[in-house]
Structure formats: C-alpha cells, structure tokens
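To be precise, the following lines are start-v4.tsv, and they hold TSV, C-alpha atoms.
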chain	number	residue	atom	x	y	z
A	1	MET	CA	12.54	-46.58	-2.51
A	2	LYS	CA	11.72	-42.99	-3.33
A	3	ARG	CA	14.33	-41.22	-5.43
A	4	ILE	CA	16.21	-38.37	-3.79
A	5	SER	CA	15.34	-35.04	-5.43
A	6	LEU	CA	17.94	-32.74	-6.92
A	7	THR	CA	17.20	-30.20	-4.20
A	8	ALA	CA	17.93	-32.82	-1.54
A	9	TRP	CA	21.18	-33.77	-3.28
A	10	ILE	CA	22.25	-30.13	-3.38
A	11	LEU	CA	21.52	-29.69	0.32
A	12	LEU	CA	23.46	-32.89	1.11
A	13	ALA	CA	26.34	-31.66	-1.03
A	14	LEU	CA	26.27	-28.34	0.82
A	15	VAL	CA	26.63	-30.03	4.21
A	16	ALA	CA	29.29	-32.43	2.90
A	17	GLY	CA	31.26	-29.57	1.34
A	18	VAL	CA	31.23	-27.58	4.59
A	19	ALA	CA	32.36	-30.61	6.59
A	20	PHE	CA	35.13	-31.52	4.13
A	21	GLY	CA	36.37	-27.93	3.91
A	22	ALA	CA	36.53	-27.60	7.69
A	23	ALA	CA	38.24	-30.98	8.19
A	24	PHE	CA	40.67	-30.87	5.25
A	25	PRO	CA	41.23	-27.22	4.28
A	26	GLY	CA	44.31	-27.96	2.17
A	27	PRO	CA	42.83	-30.57	-0.19
A	28	ALA	CA	39.50	-28.73	-0.15
A	29	LYS	CA	41.03	-25.71	-1.89
A	30	GLU	CA	41.84	-27.92	-4.88
A	31	LEU	CA	38.18	-28.87	-5.28
A	32	GLY	CA	37.32	-25.37	-6.44
A	33	ILE	CA	37.72	-26.68	-10.01
A	34	LEU	CA	34.40	-28.51	-9.61
A	35	GLY	CA	32.58	-25.26	-8.90
A	36	THR	CA	34.49	-23.56	-11.73
A	37	VAL	CA	33.40	-26.19	-14.26
A	38	PHE	CA	29.79	-25.81	-13.16
A	39	LEU	CA	29.98	-22.02	-13.49
A	40	ARG	CA	31.51	-22.29	-16.97
A	41	LEU	CA	28.63	-24.54	-18.03
A	42	ILE	CA	26.15	-22.02	-16.62
A	43	LYS	CA	27.85	-19.18	-18.53
A	44	SER	CA	27.63	-21.16	-21.78
A	45	ILE	CA	23.84	-21.08	-21.51
A	46	ILE	CA	23.46	-17.31	-21.24
A	47	ALA	CA	23.64	-16.05	-24.83
A	48	PRO	CA	21.54	-18.65	-26.70
A	49	LEU	CA	18.96	-18.85	-23.93
A	50	LEU	CA	18.47	-15.09	-23.68
A	51	PHE	CA	18.25	-14.69	-27.44
A	52	ALA	CA	15.74	-17.49	-27.94
A	53	THR	CA	13.42	-16.74	-25.02
A	54	LEU	CA	13.33	-12.99	-25.54
A	55	VAL	CA	12.64	-13.23	-29.28
A	56	VAL	CA	9.80	-15.68	-28.64
A	57	GLY	CA	8.44	-13.51	-25.83
A	58	ILE	CA	8.50	-10.27	-27.82
A	59	ALA	CA	7.32	-11.68	-31.14
A	60	GLY	CA	4.81	-14.06	-29.59
A	61	THR	CA	3.31	-12.24	-26.61
A	62	GLY	CA	4.95	-8.82	-26.74
A	63	ASN	CA	3.00	-7.59	-29.75
A	64	VAL	CA	0.53	-5.03	-28.44
A	65	LYS	CA	-1.74	-5.54	-31.48
A	66	THR	CA	-2.27	-9.17	-30.56
A	67	MET	CA	-2.21	-8.73	-26.80
A	68	GLY	CA	-4.73	-5.93	-26.98
A	69	ARG	CA	-5.85	-3.98	-23.97
A	70	ILE	CA	-5.35	-6.83	-21.49
A	71	GLY	CA	-1.77	-7.42	-22.59
A	72	GLY	CA	-0.87	-3.75	-22.34
A	73	LYS	CA	-2.26	-3.50	-18.81
A	74	ALA	CA	-0.50	-6.70	-17.77
A	75	ILE	CA	2.89	-5.58	-19.11
A	76	LEU	CA	2.54	-2.18	-17.42
A	77	TYR	CA	1.72	-3.83	-14.10
A	78	PHE	CA	4.59	-6.31	-14.48
A	79	GLU	CA	7.15	-3.58	-15.06
A	80	ILE	CA	5.99	-1.44	-12.13
A	81	VAL	CA	6.01	-4.31	-9.64
A	82	THR	CA	9.32	-5.86	-10.77
A	83	THR	CA	11.00	-2.45	-10.62
A	84	ILE	CA	9.78	-2.04	-7.04
A	85	ALA	CA	11.14	-5.53	-6.27
A	86	LEU	CA	14.56	-4.59	-7.61
A	87	PHE	CA	14.77	-1.51	-5.43
A	88	VAL	CA	13.55	-3.42	-2.35
A	89	GLY	CA	16.45	-5.83	-2.88
A	90	LEU	CA	18.84	-2.95	-3.46
A	91	GLY	CA	17.67	-1.23	-0.29
A	92	ALA	CA	18.02	-4.42	1.76
A	93	ALA	CA	21.56	-4.99	0.46
A	94	ASN	CA	22.66	-1.45	1.31
A	95	LEU	CA	20.96	-1.57	4.72
A	96	VAL	CA	22.24	-4.95	5.94
A	97	GLN	CA	25.40	-5.24	3.77
A	98	PRO	CA	25.60	-9.05	4.03
A	99	GLY	CA	28.70	-9.25	1.79
A	100	LEU	CA	31.01	-7.35	4.14
A	101	GLY	CA	33.57	-9.72	5.61
A	102	VAL	CA	33.73	-12.12	2.63
A	103	ASP	CA	37.05	-11.57	0.86
A	104	LEU	CA	36.82	-12.09	-2.89
A	105	SER	CA	39.38	-9.46	-3.79
A	106	LYS	CA	42.08	-12.07	-4.41
A	107	SER	CA	40.09	-13.79	-7.13
A	108	THR	CA	39.86	-10.83	-9.46
A	109	ALA	CA	40.70	-7.17	-9.86
A	110	PRO	CA	37.36	-5.60	-10.69
A	111	ASN	CA	37.15	-2.13	-12.09
A	112	VAL	CA	33.47	-1.29	-12.07
A	113	ASP	CA	33.82	2.45	-11.64
A	114	LYS	CA	35.77	2.82	-14.87
A	115	ALA	CA	33.32	0.64	-16.75
A	116	ALA	CA	30.48	2.97	-15.90
A	117	SER	CA	32.20	6.27	-15.31
A	118	GLY	CA	30.09	8.47	-17.56
A	119	LEU	CA	26.74	8.63	-19.32
A	120	ALA	CA	28.34	8.71	-22.77
A	121	GLN	CA	30.39	5.59	-22.04
A	122	ILE	CA	27.37	3.79	-20.63
A	123	LEU	CA	25.24	4.58	-23.67
A	124	GLU	CA	28.02	3.63	-26.06
A	125	HIS	CA	28.55	0.33	-24.27
A	126	THR	CA	24.82	-0.45	-24.37
A	127	PHE	CA	24.67	-0.86	-28.17
A	128	PRO	CA	26.71	-3.69	-29.73
A	129	THR	CA	28.82	-3.33	-32.85
A	130	SER	CA	28.43	-7.08	-33.34
A	131	VAL	CA	25.98	-9.37	-31.57
A	132	ILE	CA	28.38	-12.27	-32.17
A	133	ASP	CA	31.09	-10.37	-30.30
A	134	ALA	CA	28.63	-9.55	-27.50
A	135	MET	CA	27.67	-13.23	-27.21
A	136	ALA	CA	31.30	-14.32	-27.23
A	137	ARG	CA	32.09	-11.92	-24.39
A	138	GLY	CA	28.87	-12.71	-22.54
A	139	ASP	CA	27.81	-9.06	-22.50
A	140	VAL	CA	24.22	-9.51	-21.40
A	141	LEU	CA	23.11	-5.90	-21.80
A	142	GLN	CA	24.22	-5.73	-25.44
A	143	ILE	CA	22.61	-9.10	-26.16
A	144	VAL	CA	19.33	-7.89	-24.68
A	145	VAL	CA	19.33	-4.63	-26.65
A	146	PHE	CA	19.97	-6.47	-29.92
A	147	THR	CA	17.36	-9.12	-29.11
A	148	PHE	CA	14.66	-6.58	-28.25
A	149	LEU	CA	15.16	-4.87	-31.62
A	150	PHE	CA	15.31	-8.23	-33.40
A	151	GLY	CA	12.14	-9.48	-31.71
A	152	THR	CA	10.31	-6.25	-32.51
A	153	ALA	CA	11.31	-6.61	-36.16
A	154	CYS	CA	10.00	-10.19	-36.17
A	155	ALA	CA	6.69	-9.01	-34.71
A	156	ALA	CA	6.44	-6.19	-37.26
A	157	ILE	CA	6.73	-8.37	-40.39
A	158	GLY	CA	4.17	-10.89	-39.13
A	159	THR	CA	3.86	-14.32	-40.77
A	160	LYS	CA	7.09	-13.99	-42.75
A	161	ALA	CA	9.00	-14.17	-39.46
A	162	ARG	CA	7.28	-17.39	-38.41
A	163	PRO	CA	10.21	-19.67	-39.42
A	164	MET	CA	12.58	-17.57	-37.28
A	165	ILE	CA	10.18	-17.62	-34.32
A	166	GLU	CA	9.77	-21.39	-34.64
A	167	PHE	CA	13.56	-21.73	-34.71
A	168	CYS	CA	13.83	-19.65	-31.52
A	169	GLU	CA	11.08	-21.71	-29.87
A	170	SER	CA	12.99	-24.87	-30.72
A	171	LEU	CA	16.27	-23.33	-29.54
A	172	ALA	CA	14.65	-22.29	-26.27
A	173	GLN	CA	13.39	-25.82	-25.64
A	174	VAL	CA	16.82	-27.26	-26.42
A	175	MET	CA	18.44	-24.81	-23.99
A	176	PHE	CA	15.88	-25.68	-21.31
A	177	LYS	CA	16.88	-29.34	-21.68
A	178	PHE	CA	20.56	-28.39	-21.80
A	179	THR	CA	20.14	-26.46	-18.55
A	180	GLY	CA	18.50	-29.49	-16.99
A	181	TYR	CA	21.57	-31.57	-17.87
A	182	VAL	CA	23.88	-28.92	-16.42
A	183	MET	CA	21.87	-28.87	-13.20
A	184	LEU	CA	22.52	-32.59	-12.75
A	185	PHE	CA	26.13	-31.54	-12.11
A	186	ALA	CA	24.98	-29.00	-9.52
A	187	PRO	CA	25.51	-31.18	-6.39
A	188	ILE	CA	29.11	-31.88	-7.43
A	189	GLY	CA	29.64	-28.20	-8.19
A	190	VAL	CA	28.11	-27.21	-4.86
A	191	PHE	CA	30.32	-29.69	-2.99
A	192	GLY	CA	33.48	-28.42	-4.65
A	193	ALA	CA	32.52	-24.76	-4.33
A	194	MET	CA	31.61	-24.99	-0.65
A	195	ALA	CA	34.62	-27.15	0.24
A	196	ALA	CA	36.97	-24.70	-1.49
A	197	THR	CA	35.22	-21.70	0.08
A	198	ILE	CA	35.40	-23.11	3.61
A	199	GLY	CA	38.96	-24.38	3.07
A	200	GLU	CA	40.17	-20.95	1.97
A	201	HIS	CA	38.01	-18.58	4.03
A	202	GLY	CA	37.19	-20.72	7.07
A	203	LEU	CA	33.85	-21.39	8.75
A	204	GLY	CA	33.40	-17.67	9.38
A	205	VAL	CA	32.04	-17.27	5.87
A	206	LEU	CA	28.95	-19.23	6.92
A	207	TYR	CA	27.96	-16.24	9.02
A	208	ASN	CA	27.78	-14.10	5.91
A	209	LEU	CA	25.89	-16.74	3.93
A	210	GLY	CA	23.37	-17.10	6.74
A	211	LYS	CA	23.10	-13.34	6.86
A	212	LEU	CA	22.45	-13.30	3.09
A	213	VAL	CA	19.71	-15.95	3.33
A	214	LEU	CA	18.00	-14.22	6.25
A	215	THR	CA	18.22	-10.88	4.46
A	216	LEU	CA	16.57	-12.37	1.37
A	217	TYR	CA	13.74	-13.98	3.33
A	218	ALA	CA	13.14	-10.77	5.28
A	219	ALA	CA	13.14	-8.70	2.07
A	220	GLU	CA	10.78	-11.13	0.32
A	221	ALA	CA	8.45	-11.09	3.34
A	222	PHE	CA	8.53	-7.27	3.36
A	223	PHE	CA	7.74	-7.22	-0.35
A	224	VAL	CA	4.82	-9.63	0.01
A	225	ILE	CA	3.30	-7.88	3.04
A	226	VAL	CA	3.86	-4.25	2.07
A	227	VAL	CA	3.83	-4.22	-1.75
A	228	PHE	CA	1.43	-7.08	-2.46
A	229	GLY	CA	-0.67	-6.05	0.51
A	230	SER	CA	-0.95	-2.51	-0.84
A	231	VAL	CA	-1.91	-3.81	-4.29
A	232	ILE	CA	-4.61	-6.02	-2.80
A	233	ALA	CA	-5.98	-3.12	-0.76
A	234	ILE	CA	-5.95	-0.67	-3.69
A	235	THR	CA	-7.62	-3.07	-6.13
A	236	ARG	CA	-10.02	-4.41	-3.47
A	237	ILE	CA	-9.18	-8.07	-3.99
A	238	PRO	CA	-10.82	-10.39	-1.40
A	239	LEU	CA	-7.81	-11.25	0.75
A	240	ARG	CA	-8.94	-14.40	2.55
A	241	ARG	CA	-10.29	-16.02	-0.61
A	242	PHE	CA	-7.12	-15.10	-2.47
A	243	ILE	CA	-4.97	-16.72	0.23
A	244	HIS	CA	-7.19	-19.80	0.15
A	245	TYR	CA	-6.76	-20.33	-3.58
A	246	VAL	CA	-3.04	-19.48	-3.87
A	247	ARG	CA	-1.98	-21.46	-0.80
A	248	GLU	CA	-1.58	-24.81	-2.55
A	249	PRO	CA	0.31	-23.65	-5.68
A	250	TYR	CA	2.45	-21.45	-3.42
A	251	LEU	CA	3.51	-24.45	-1.31
A	252	ILE	CA	4.19	-26.50	-4.44
A	253	ALA	CA	6.44	-23.74	-5.79
A	254	PHE	CA	8.22	-23.35	-2.44
A	255	SER	CA	8.85	-27.06	-1.84
A	256	THR	CA	9.96	-27.87	-5.40
A	257	ALA	CA	11.65	-24.52	-6.17
A	258	SER	CA	9.90	-24.76	-9.55
A	259	SER	CA	7.29	-22.31	-10.83
A	260	GLU	CA	6.40	-24.70	-13.63
A	261	ALA	CA	5.42	-27.42	-11.17
A	262	ALA	CA	2.82	-25.09	-9.68
A	263	LEU	CA	1.48	-23.66	-12.95
A	264	PRO	CA	-1.33	-26.18	-13.67
A	265	ARG	CA	-2.84	-25.84	-10.20
A	266	ALA	CA	-2.38	-22.06	-10.25
A	267	LEU	CA	-4.31	-21.81	-13.53
A	268	GLU	CA	-7.09	-23.96	-12.12
A	269	ASN	CA	-7.31	-22.19	-8.77
A	270	MET	CA	-7.32	-18.65	-10.14
A	271	GLU	CA	-10.28	-19.58	-12.33
A	272	LYS	CA	-12.02	-20.95	-9.24
A	273	PHE	CA	-11.13	-17.69	-7.49
A	274	GLY	CA	-13.24	-15.87	-10.07
A	275	VAL	CA	-10.78	-14.55	-12.65
A	276	PRO	CA	-12.13	-15.12	-16.21
A	277	LYS	CA	-10.43	-17.93	-18.11
A	278	HIS	CA	-9.18	-15.71	-20.96
A	279	ILE	CA	-7.39	-13.45	-18.47
A	280	VAL	CA	-5.89	-16.31	-16.46
A	281	SER	CA	-4.70	-18.21	-19.53
A	282	PHE	CA	-2.93	-15.13	-20.90
A	283	VAL	CA	-1.65	-13.19	-17.87
A	284	LEU	CA	-0.34	-16.09	-15.78
A	285	PRO	CA	1.93	-17.70	-18.42
A	286	THR	CA	3.06	-14.27	-19.64
A	287	GLY	CA	3.94	-13.36	-16.06
A	288	TYR	CA	6.26	-16.36	-15.94
A	289	SER	CA	8.49	-14.48	-18.38
A	290	PHE	CA	7.87	-10.85	-17.47
A	291	ASN	CA	6.84	-10.79	-13.79
A	292	LEU	CA	9.51	-12.56	-11.72
A	293	ASP	CA	9.15	-10.46	-8.57
A	294	GLY	CA	10.98	-12.80	-6.20
A	295	SER	CA	13.83	-13.45	-8.62
A	296	THR	CA	14.40	-9.78	-9.48
A	297	LEU	CA	14.54	-8.92	-5.77
A	298	TYR	CA	17.05	-11.72	-5.26
A	299	LEU	CA	19.17	-10.62	-8.22
A	300	SER	CA	19.65	-7.08	-6.94
A	301	LEU	CA	20.49	-8.39	-3.46
A	302	ALA	CA	22.90	-11.06	-4.76
A	303	ALA	CA	24.67	-8.68	-7.15
A	304	MET	CA	25.27	-6.19	-4.33
A	305	PHE	CA	26.41	-9.06	-2.06
A	306	VAL	CA	29.12	-9.99	-4.58
A	307	ALA	CA	30.18	-6.36	-4.98
A	308	GLN	CA	30.45	-5.95	-1.20
A	309	ALA	CA	32.32	-9.26	-0.86
A	310	ALA	CA	34.77	-8.16	-3.59
A	311	GLY	CA	35.36	-4.84	-1.87
A	312	VAL	CA	34.00	-2.90	-4.86
A	313	HIS	CA	32.20	0.34	-4.11
A	314	LEU	CA	29.34	0.86	-6.53
A	315	PRO	CA	28.16	4.48	-6.86
A	316	LEU	CA	24.41	4.99	-6.78
A	317	GLY	CA	24.35	5.69	-10.52
A	318	THR	CA	26.10	2.40	-11.27
A	319	GLN	CA	23.72	0.57	-8.94
A	320	ILE	CA	20.74	2.00	-10.82
A	321	ILE	CA	22.25	1.03	-14.20
A	322	MET	CA	22.77	-2.49	-12.83
A	323	MET	CA	19.15	-2.61	-11.66
A	324	LEU	CA	17.93	-1.59	-15.12
A	325	THR	CA	20.12	-4.28	-16.66
A	326	LEU	CA	18.70	-6.89	-14.29
A	327	MET	CA	15.16	-5.70	-15.05
A	328	LEU	CA	15.74	-6.43	-18.75
A	329	THR	CA	17.77	-9.61	-18.45
A	330	SER	CA	15.41	-11.27	-15.95
A	331	LYS	CA	12.68	-11.43	-18.60
A	332	GLY	CA	11.94	-14.58	-20.52
A	333	VAL	CA	13.82	-17.20	-18.49
A	334	ALA	CA	10.92	-18.89	-16.72
A	335	GLY	CA	11.15	-22.66	-16.60
A	336	VAL	CA	14.94	-22.74	-16.47
A	337	PRO	CA	16.24	-24.42	-13.30
A	338	ARG	CA	18.27	-21.92	-11.27
A	339	ALA	CA	17.65	-19.33	-14.00
A	340	SER	CA	18.70	-16.56	-11.61
A	341	LEU	CA	22.23	-18.00	-11.52
A	342	VAL	CA	22.41	-17.67	-15.30
A	343	ILE	CA	21.24	-14.04	-15.20
A	344	LEU	CA	23.46	-13.19	-12.23
A	345	ALA	CA	26.53	-14.67	-13.95
A	346	GLY	CA	25.95	-12.56	-17.04
A	347	THR	CA	25.30	-9.36	-15.09
A	348	LEU	CA	28.37	-9.76	-12.90
A	349	GLY	CA	30.49	-10.19	-16.02
A	350	SER	CA	28.97	-7.12	-17.65
A	351	PHE	CA	29.89	-4.96	-14.63
A	352	ASN	CA	33.35	-6.51	-14.10
A	353	LEU	CA	32.36	-8.08	-10.80
A	354	PRO	CA	33.97	-11.45	-9.89
A	355	ILE	CA	31.89	-14.38	-11.05
A	356	ALA	CA	33.68	-16.31	-8.30
A	357	GLY	CA	31.12	-14.69	-6.01
A	358	ILE	CA	28.54	-17.11	-7.38
A	359	ALA	CA	30.64	-19.97	-6.03
A	360	VAL	CA	30.15	-18.51	-2.56
A	361	ILE	CA	26.41	-18.09	-3.05
A	362	LEU	CA	25.96	-21.44	-4.81
A	363	GLY	CA	25.85	-23.53	-1.66
A	364	VAL	CA	22.83	-21.72	-0.24
A	365	ASP	CA	21.19	-20.95	-3.57
A	366	THR	CA	18.68	-23.77	-3.09
A	367	LEU	CA	17.37	-22.20	0.11
A	368	MET	CA	17.06	-18.82	-1.61
A	369	ASP	CA	15.54	-20.39	-4.74
A	370	MET	CA	12.62	-21.71	-2.68
A	371	ALA	CA	11.81	-18.20	-1.45
A	372	ARG	CA	12.15	-16.38	-4.76
A	373	THR	CA	10.26	-19.03	-6.77
A	374	SER	CA	7.28	-19.04	-4.42
A	375	VAL	CA	7.12	-15.23	-4.48
A	376	ASN	CA	7.27	-15.36	-8.29
A	377	LEU	CA	4.25	-17.66	-8.30
A	378	LEU	CA	2.38	-15.54	-5.75
A	379	GLY	CA	3.06	-12.38	-7.77
A	380	ASN	CA	1.76	-13.92	-10.98
A	381	CYS	CA	-1.43	-15.16	-9.32
A	382	LEU	CA	-1.98	-11.67	-7.93
A	383	ALA	CA	-1.34	-10.17	-11.38
A	384	THR	CA	-4.26	-12.14	-12.86
A	385	ALA	CA	-6.57	-10.80	-10.18
A	386	VAL	CA	-5.30	-7.22	-10.61
A	387	VAL	CA	-5.81	-7.27	-14.39
A	388	ALA	CA	-9.29	-8.76	-13.88
A	389	ARG	CA	-10.22	-5.96	-11.51
A	390	TRP	CA	-8.68	-3.44	-13.93
A	391	GLU	CA	-10.98	-4.87	-16.59
A	392	GLY	CA	-13.98	-4.30	-14.34
A	393	VAL	CA	-14.50	-7.92	-13.25
A	394	VAL	CA	-16.33	-8.22	-9.94
A	395	LEU	CA	-14.57	-10.92	-7.92
A	396	PRO	CA	-16.76	-12.95	-5.50
A	397	ALA	CA	-16.92	-11.54	-1.98
A	398	GLU	CA	-15.47	-13.32	1.02
A	399	GLY	CA	-17.19	-16.64	1.63
A	400	LEU	CA	-18.93	-16.70	-1.78
A	401	GLU	CA	-18.01	-19.05	-4.61
A	402	PRO	CA	-18.28	-18.35	-8.35
A	403	VAL	CA	-20.94	-20.31	-10.19
A	404	GLU	CA	-19.48	-23.44	-11.81
A	405	VAL	CA	-20.13	-24.14	-15.49
A	406	GLU	CA	-21.46	-27.61	-14.66
A	407	GLN	CA	-24.06	-26.06	-12.34
A	408	VAL	CA	-25.25	-23.74	-15.11
A	409	VAL	CA	-25.59	-26.63	-17.57
A	410	ALA	CA	-27.49	-28.69	-15.02

Show me the file's structure as structure tokens.
Amino acid sequence: MKRISLTAWILLALVAGVAFGAAFPGPAKELGILGTVFLRLIKSIIAPLLFATLVVGIAGTGNVKTMGRIGGKAILYFEIVTTIALFVGLGAANLVQPGLGVDLSKSTAPNVDKAASGLAQILEHTFPTSVIDAMARGDVLQIVVFTFLFGTACAAIGTKARPMIEFCESLAQVMFKFTGYVMLFAPIGVFGAMAATIGEHGLGVLYNLGKLVLTLYAAEAFFVIVVFGSVIAITRIPLRRFIHYVREPYLIAFSTASSEAALPRALENMEKFGVPKHIVSFVLPTGYSFNLDGSTLYLSLAAMFVAQAAGVHLPLGTQIIMMLTLMLTSKGVAGVPRASLVILAGTLGSFNLPIAGIAVILGVDTLMDMARTSVNLLGNCLATAVVARWEGVVLPAEGLEPVEVEQVVA
C-alpha cells in the first residue's frame, strides 16, 4: 500500500479540523495549543537557519570575484525580478484586501506604527547591538544585517574562513533535517489550528481563506504571464520550446510542493533547451537561494493579510520597509519545507504583527505552497535562459534541437 504523503496528511488534517471546529466549537478552542506548539517549533528554526544559509550563500556563491561576470548578471536579475514579485503581492493585497473580516485583534495588541514611526528609529533598529540578543528576540532584520556583514568578512579573508564556512554548511544541513522533523508535526498543528480557528471565528473565516488562496493564484498567474512573459519577449527566448522543457519540472514542483524534487530534471532539461552547462549548473542552484519569485510574492501578500486581519493599518512607508525586509530574509532558505512560514513568522514578529495570523493561514498553506514553489522553479529556469542570452548564447529556434554530445562523438 502506497504511503500517504505529508501533503495529503495536511489536507486531511485541514478538512478534519474544519469539521471538528464546526461540530464542537467549545472543545475545538482548546486545541489551539497544538497549532501554538507547531508555531513555536517553527520560530526556533529562524535564527540558526538564517545565519547558516546566508553565510554559506554569501561566502560561497556571493563572492563576485569567484562568480565573475555570470554571477553578477544573475544576482542583478534575481534582485530585479524578486522585487517586482514583492510589489505584485503588495498590490494584490491592497487591491483585494483578503484579510478584512478575520478578527485577530483579540490575540495581540500590535503597535506597528510606533515601531516604524521615523527614519531615524528604523535605521537604529536595523543594526543590532548584539546578534545574540537579536537571535533571542527573533529579530530577523537585525540577524540578516549582521549575517551579511559576517558573510562578506568570511569571503574577504578567503581560505582562512573555510572552517567557519564548513561549520555553517553543517549547521544548515542539521537545520534542514530539524525542519523536516518539525514538519512531521504539521498535520497535528494544522488540525489544532483549524479546529480552534473555526471554533472561535465560525465557518465564515473560510470565506477569507478561500479569498486569500484565490488572490495568491491570481497574483502568481499575473506575475507569470505579465512579468515572465515580458522577460521572454525582451530577451527573445523561444517560448514554445521553453514551455516544452520546463513543463515536467514545473509539474513535479507543483505536485510535490518541493523545488528540490524538481531540480535534477530542471538541470537536465535546461541543458537540452540549449543553455550551456556551466551557466545552468551555476545559475539554477544559486537561484534556489536568491530567486524565489513565487515565495516572495506570497510573503508580501500573507504579511498584509495578517495585518488586515489584525486590524493594523500599515502606512505605505512601513509596507515598503516590510517588503525590503522580506526581500532580504527570503534569501538562502531553499530546500526547507514550508520555508516561507519560517520567514513569515520572523517578519511578523519584527513588525509587531500577531504571529497567531499564521495559525489562520496554516490550514491552506499547502495549497498556496504548491503555487509559490512551482513559480519559484519556473522563475529559476527562466533565469538560466536570460543569463545565457545576456552572455550572447544563441538558443535554438522553435522546432530545432541542440546538437547532442553523443552525436558529435559519433
């Protein structure tokens, strides 16, 4: 008998939690502790995971001297596209406002406006007096600033920093495994969170969750068609051949909600598409850390959803600061199951927004994870083609295949 996947268990837990909350609202409210435990475990991952992955990313692949011209072009492209993704999500959240009607105000007393009331306060808060204190408080922005400087210093001193980089690589792998263990608890956390949410807020909250999911899918579709479509047109990438070669890894990423599951086939197919091996082997894995288009779009939408649900008005300046924070903190977490939940939890805490909002989102996170993961994969495949064209590579025209190495040898 085939084993039931974690995604299937989460979906089953979602349905069971809704049914239990609707049938037994009183006892269901007490099950919120299950979701709380899961969220606390997620929060415990934030500091060590961010530190380890960002140091490895900056010291290993973020050194312009070693990346050379290709790396510089790739990083520039990544930052432009992910920034656009953040603002697409921000625009969708402000246009549709899916969080209105979900009452989270009882769970916390957020004070976002005071936390970001002036430029001087924002700048002062950005730089930590102690990274240990920042990690203890879960202040993601301060952790990121310290880690960027630390990683740059490691890259600057070269081989002498190798023991530290190896330590961070080992720490990152340990945290990946740790996250996998935490995610085994996800179905129980989802059941408790959804049961408590339905028990306290009633079935009406499902309207808002459905609205959030539909808003995300519509925003992701807009991003793919308009933004990716414009990139393809500008760089003159053969559209039909590109679709043909990304179709299979895209479906793998969508069905498994895992970018890593689709990576081997994506590497193989983009080489078949005509992108040189040295570009594919560098740009595609690097994009898994620096070019998470679907996830960054989701993060901006989800953060605004929680703010709207909590009844917190975020001024435009605060929204932009939050987007910049998300742009930094979304880097370097590829391969972590439900990595966006980790980043979202840290960002909400940094801006004094109720982390209880994640408990509301948690039940439908699997459905949203499928969309954002597949767009991440699609964006990274496109990035390899864009960098190849930027390097002057002539990609095969529609209907033509690149010459295989075996054919040349024969």

Checklist outcome for this item: With distances taken over all atoms listed in the file, the candidate from A:Ala262, A:Val393, A:Leu171, A:Leu239 nearest Pro276 in chain A is A:Val393

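Coordinates place CA of Ala359 in chain A at a distance of 7.8 Å from CA of Leu39 in chain A.
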
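For the choices A:Val144, A:Ile188, A:Ile358, A:Leu297, the atom-to-atom distance to Phe223 in chain A is smallest for A:Leu297 when using only C-alpha atoms.
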
Checklist entry - Of the candidates A:Val275, A:Ala28, A:Phe185, A:Ile165, which shows the shortest atom-to-atom distance to Gly392 in chain A, using all atoms listed in the file? => result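 With all atoms listed in the file as the atom set, the closest residue is A:Val275.
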
Listed atoms of range 160-173 of chain A boxed along x, y and z, 5 Å each side, centre and edge lengths in Å, one decimal, as lines of an AutoDock Vina configuration file:
center_x = 11.7
center_y = -19.9
center_z = -34.2
size_x = 19.2
size_y = 21.8
size_z = 27.1

Item to check | From A:Thr286, A:Asn352, A:Ser300, A:Thr318, residue lying nearest Ala383 in chain A [all atoms listed in the file] | outcome: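 Looking at the shortest contact to Ala383 in chain A, the residue is A:Thr286.
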